[in-house]
Amino acid sequence: MNPDQLFEYLIATDQIDDVLGTKEIIFYLNGKVKERLALTFDNASRTNGMKVKVHLSNGNKVIGYSFFEYEQDERSVYVGIGLTEKKEFDLVEIPFKDIIKIEAILYSNPRWGVKENFESFEI
């Protein structure tokens with residue numbers, strides 16, 4: 001694959017930011033990008049309770065609900081992976097330094113009665 005084809009492929013598959021090293025948080029509303037912020041711990045805490053897809057530097061992704069506690073240590077981010085429809089979660093600790101991008105759906109906090117499918121992350 002020549003460089004032009006690779007560039008077009010990365011754009012088409014929404015992977016160009018990962019390759020260029022852009023660390024950001026993307027907020028979606030009704031399937032459209034509503035806001036983009038630099039990936040800092042303070043900005044990441046704004047996703048508290050929202051459904052998120054966390055992209056890691058090793059290529060893996062974690063999908064669930066972000067979870068921040070008051071005075072949380074800045075070394076880690078927690079994501080709740082749903083177990084049942086009763087909103088029970090297993091918390092997964094993710095080292096903040098390993099995160100390259102967070103995608104969040106605005107108004108997706110389960111306290112607002114939103115029923116989400118944890119198998120897919122539709123935007």
# chains A, B, ... in the order shown; residues from 1 in each chain; ligands from 1
>>> residues_around(residues="Val54 in chain A", least_positions_apart="6", cutoff="6 Å", atoms="only C-alpha atoms", output="PDB file with C-alpha atoms, in the first residue's frame")
ATOM      1  CA  LYS A  61     -10.324  -0.533  23.325  1.00  0.00           C
ATOM      2  CA  VAL A  62     -12.394  -0.572  26.507  1.00  0.00           C
ATOM      3  CA  ILE A 102     -11.567   8.787  24.677  1.00  0.00           C
TER       4      ILE A 102
END
>>> select_by_dssp(residues="range 58-111 of chain A", states="strand (DSSP E)", output="list in words")
Lys61, Val62, Ile63, Gly64, Tyr65, Ser66, Phe67, Ser76, Val77, Tyr78, Val79, Gly80, Ile81, Gly82, Phe89, Asp90, Leu91, Val92, Glu93, Ile94, Pro95, Ile99, Ile100, Lys101, Ile102, Glu103, Ala104 and Ile105 of chain A
>>> atom_distance(atom1="CA of Gly49 in chain A", atom2="CA of Phe68 in chain A")
7.9 Å
>>> residues_around(residues="range 69-76 of chain A", least_positions_apart="4", cutoff="8 Å", atoms="only C-alpha atoms", output="list in words")
Phe41, Glu93, Ile94, Pro95, Phe96 and Lys97 of chain A
>>> residues_around(residues="Asn109 in chain A", least_positions_apart="5", cutoff="8 Å", atoms="only C-alpha atoms", output="PyMOL selection string")
chain A and resi 49-51+65+114
>>> write_last_selection(atoms="C-alpha atoms", output="PDB file, in the first residue's frame")
ATOM      1  CA  GLY A  49     -20.931   8.637  34.033  1.00  0.00           C
ATOM      2  CA  MET A  50     -20.997   8.789  30.225  1.00  0.00           C
ATOM      3  CA  LYS A  51     -20.696   5.825  27.903  1.00  0.00           C
ATOM      4  CA  TYR A  65     -19.174   3.926  31.547  1.00  0.00           C
ATOM      5  CA  VAL A 114     -30.702   5.325  28.906  1.00  0.00           C
TER       6      VAL A 114
END
>>> atom_distance(atom1="CA of Asn43 in chain A", atom2="CA of Gly59 in chain A")
21.8 Å
>>> closest_residue(among="A:Leu106, A:Phe67, A:Tyr28, A:Ser57", to="Val92 in chain A", atoms="only C-alpha atoms")
A:Phe67
